[in-house]
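Student: I am attaching a structure below and will ask some questions about it afterwards.
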Amino acid sequence: MSRPVLAGVDGSERSMAAVAWAAREAVLRGVPLRLVQASPSLPDKIVPDPAADMLHRVGERVLQRAIADLGARCPELKVLGEQTAEAPAAALLAAAHDAALLVVGTRGSGGFDGLAVGSVALRTAAAAVCPVVLVPPRPVGGFEAGQGAVRRAQVVVGFDSHRPVGEVADFAFTSAETRKAHLHAVQAWALPAESVSPQKLFVTEEDRATWEDQEVLRAADGLRPWRDRYQGVTVRTDVVLLHPAQALLNAAHATDLLVVGRRSDPQAVEGRLGPVTHAVLHHTRCPVAVVPHAG
């Protein structure tokens, strides 16, 4: 059996949006959907046993309700469900070892008004061994009841031709191919250090155009292996003179999926998110896929 799509569920509106997105992704991939509901054990000296039992039963009902709802909307989708006594982030990170993809809401039932991304979402995005998709409350292109229907969609990927990352590019191209979507590859660039000096206080338009042309050629050369491999994917490339985070946020407006990378760091037990990925997660309103790579 192919590895399933994994999603956490806590009954909140945000987690149900993530479950719906995960279900649609499982249908597209033709794999099962695995739901995990975490009801961590509570200190019996603080919380009486009857209250702890009630919370466990509430969690079980949330899980069963989600499974029943998906079964009614998409009977061909195989949905697996389990309840665990681990904390949500720990449970999802453990289950991710057997998953092809982990899907979480940007926030769960906790947090406070104005919080863009919750602690569970941040921790799983930073430390999961598989790609993680963070889904906002109302993502573009929601799950269609009973259908695996796909509209013409767009996937945006951050690309750096100076240091191309195969895992990120493969995920983006595969996502676009599966969705029959256009792929928008965005490469941000900066003026070289020698462009400004005490002897040269401004950049000429001619120099700027030359450097930009070089970046455009590098981007085309860098993407060529994936264009050749995924010939059915229509790719548009933008090379923009902006900070990478701003370039991606501009491109991600109303897109269906934004794909970014996250360097795996074996020295960081809790994982680590780079500044660009961190900025994107806190400011975009579309689903974001964080793809781990070796660096």
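A note on labels: chains of the structure tokens are A, B, ... as shown, every chain counts residues from 1, and ligands are counted from 1 in their shown order.
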Which residues are close to range 233-238 of chain A, i.e. within 8 Å by only C-alpha atoms, leaving aside same-chain residues fewer than 4 positions away? Reply as a PDB file with N, CA, C and O atoms, in the first residue's frame.
Tutor:
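The resulting file, out09.pdb, is shown below:
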ATOM      1  N   PHE A 173       6.683  20.214  -9.049  1.00  0.00           N
ATOM      2  CA  PHE A 173       6.309  19.719 -10.377  1.00  0.00           C
ATOM      3  C   PHE A 173       5.299  18.583 -10.275  1.00  0.00           C
ATOM      4  O   PHE A 173       4.342  18.508 -11.054  1.00  0.00           O
ATOM      5  N   ALA A 176       1.902  20.046  -9.431  1.00  0.00           N
ATOM      6  CA  ALA A 176       1.294  20.673 -10.602  1.00  0.00           C
ATOM      7  C   ALA A 176       0.797  19.620 -11.586  1.00  0.00           C
ATOM      8  O   ALA A 176      -0.301  19.732 -12.145  1.00  0.00           O
ATOM      9  N   GLU A 177       1.589  18.571 -11.793  1.00  0.00           N
ATOM     10  CA  GLU A 177       1.199  17.504 -12.716  1.00  0.00           C
ATOM     11  C   GLU A 177      -0.063  16.803 -12.226  1.00  0.00           C
ATOM     12  O   GLU A 177      -0.994  16.550 -13.007  1.00  0.00           O
ATOM     13  N   LYS A 180      -3.056  18.999 -12.711  1.00  0.00           N
ATOM     14  CA  LYS A 180      -3.166  19.578 -14.051  1.00  0.00           C
ATOM     15  C   LYS A 180      -3.121  21.104 -13.946  1.00  0.00           C
ATOM     16  O   LYS A 180      -3.901  21.827 -14.567  1.00  0.00           O
ATOM     17  N   ALA A 181      -2.179  21.555 -13.152  1.00  0.00           N
ATOM     18  CA  ALA A 181      -2.071  22.970 -12.816  1.00  0.00           C
ATOM     19  C   ALA A 181      -0.893  23.611 -13.544  1.00  0.00           C
ATOM     20  O   ALA A 181       0.051  22.943 -13.972  1.00  0.00           O
ATOM     21  N   HIS A 182      -0.971  24.938 -13.688  1.00  0.00           N
ATOM     22  CA  HIS A 182       0.190  25.701 -14.127  1.00  0.00           C
ATOM     23  C   HIS A 182       1.171  25.791 -12.969  1.00  0.00           C
ATOM     24  O   HIS A 182       0.777  25.877 -11.806  1.00  0.00           O
ATOM     25  N   LEU A 183       2.453  25.805 -13.288  1.00  0.00           N
ATOM     26  CA  LEU A 183       3.483  25.985 -12.276  1.00  0.00           C
ATOM     27  C   LEU A 183       4.152  27.329 -12.484  1.00  0.00           C
ATOM     28  O   LEU A 183       4.605  27.655 -13.588  1.00  0.00           O
ATOM     29  N   HIS A 184       4.214  28.108 -11.429  1.00  0.00           N
ATOM     30  CA  HIS A 184       4.851  29.429 -11.458  1.00  0.00           C
ATOM     31  C   HIS A 184       6.113  29.354 -10.611  1.00  0.00           C
ATOM     32  O   HIS A 184       6.032  29.262  -9.384  1.00  0.00           O
ATOM     33  N   ALA A 185       7.268  29.349 -11.257  1.00  0.00           N
ATOM     34  CA  ALA A 185       8.553  29.294 -10.555  1.00  0.00           C
ATOM     35  C   ALA A 185       9.055  30.717 -10.343  1.00  0.00           C
ATOM     36  O   ALA A 185       9.183  31.490 -11.299  1.00  0.00           O
ATOM     37  N   VAL A 186       9.339  31.055  -9.093  1.00  0.00           N
ATOM     38  CA  VAL A 186       9.755  32.415  -8.737  1.00  0.00           C
ATOM     39  C   VAL A 186      11.187  32.389  -8.238  1.00  0.00           C
ATOM     40  O   VAL A 186      11.501  31.676  -7.275  1.00  0.00           O
ATOM     41  N   GLN A 187      12.047  33.146  -8.899  1.00  0.00           N
ATOM     42  CA  GLN A 187      13.434  33.284  -8.449  1.00  0.00           C
ATOM     43  C   GLN A 187      13.680  34.740  -8.092  1.00  0.00           C
ATOM     44  O   GLN A 187      13.556  35.630  -8.935  1.00  0.00           O
ATOM     45  N   ALA A 219      18.116  30.804 -14.361  1.00  0.00           N
ATOM     46  CA  ALA A 219      16.851  30.190 -13.959  1.00  0.00           C
ATOM     47  C   ALA A 219      16.380  29.184 -15.010  1.00  0.00           C
ATOM     48  O   ALA A 219      15.928  28.081 -14.675  1.00  0.00           O
ATOM     49  N   ALA A 220      16.482  29.562 -16.280  1.00  0.00           N
ATOM     50  CA  ALA A 220      16.062  28.652 -17.355  1.00  0.00           C
ATOM     51  C   ALA A 220      16.909  27.381 -17.355  1.00  0.00           C
ATOM     52  O   ALA A 220      16.387  26.262 -17.483  1.00  0.00           O
ATOM     53  N   ARG A 227      11.799  20.513 -16.334  1.00  0.00           N
ATOM     54  CA  ARG A 227      10.965  20.713 -17.526  1.00  0.00           C
ATOM     55  C   ARG A 227      11.022  19.483 -18.438  1.00  0.00           C
ATOM     56  O   ARG A 227      10.014  19.058 -19.001  1.00  0.00           O
TER      57      ARG A 227
END
Student: Show me, as a PyMOL selection string, the residues that have an atom within 7 Å of Val240 in chain A when counting only C-alpha atoms, minus same-chain residues fewer than 5 positions from it.
Tutor: chain A and resi 187-189+247
Student: Residues near Val165 in chain A, anyone? I mean within 8 Å using only C-alpha atoms, not counting same-chain ones fewer than 5 positions away, as a list in words.
Tutor: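 The filter keeps Phe159, Asp160, Gly261, His293 and Gly295 of chain A.
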Student: Quick check for you: according to DSSP on this backbone, which residues of range 177-237 of chain A are classed as helix (DSSP H, G or I)? Reply as a PyMOL selection string.
Tutor: chain A and resi 177-179+193-195+205-229
Student: Near Val291 in chain A, within 6 Å and counting only C-alpha atoms, which residues show up once chain neighbours fewer than 5 positions away are dropped, as a PyMOL selection string?
Tutor: chain A and resi 131+168+261-262
Student: Between A:Gly8, A:Gly232, A:Pro32, A:Gly81, which one has atoms that come closest to Leu102 in chain A, using only C-alpha atoms?
Tutor: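 For Leu102 in chain A, the nearest of the given residues is A:Gly8.
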Student: Which residues in range 20-253 of chain A does DSSP call strand (DSSP E or B)? List them as a VMD selection string.
Tutor: chain A and resid 33 to 38 79 to 84 101 to 105 132 to 135 154 to 158 182 to 188 197 200 235 to 240
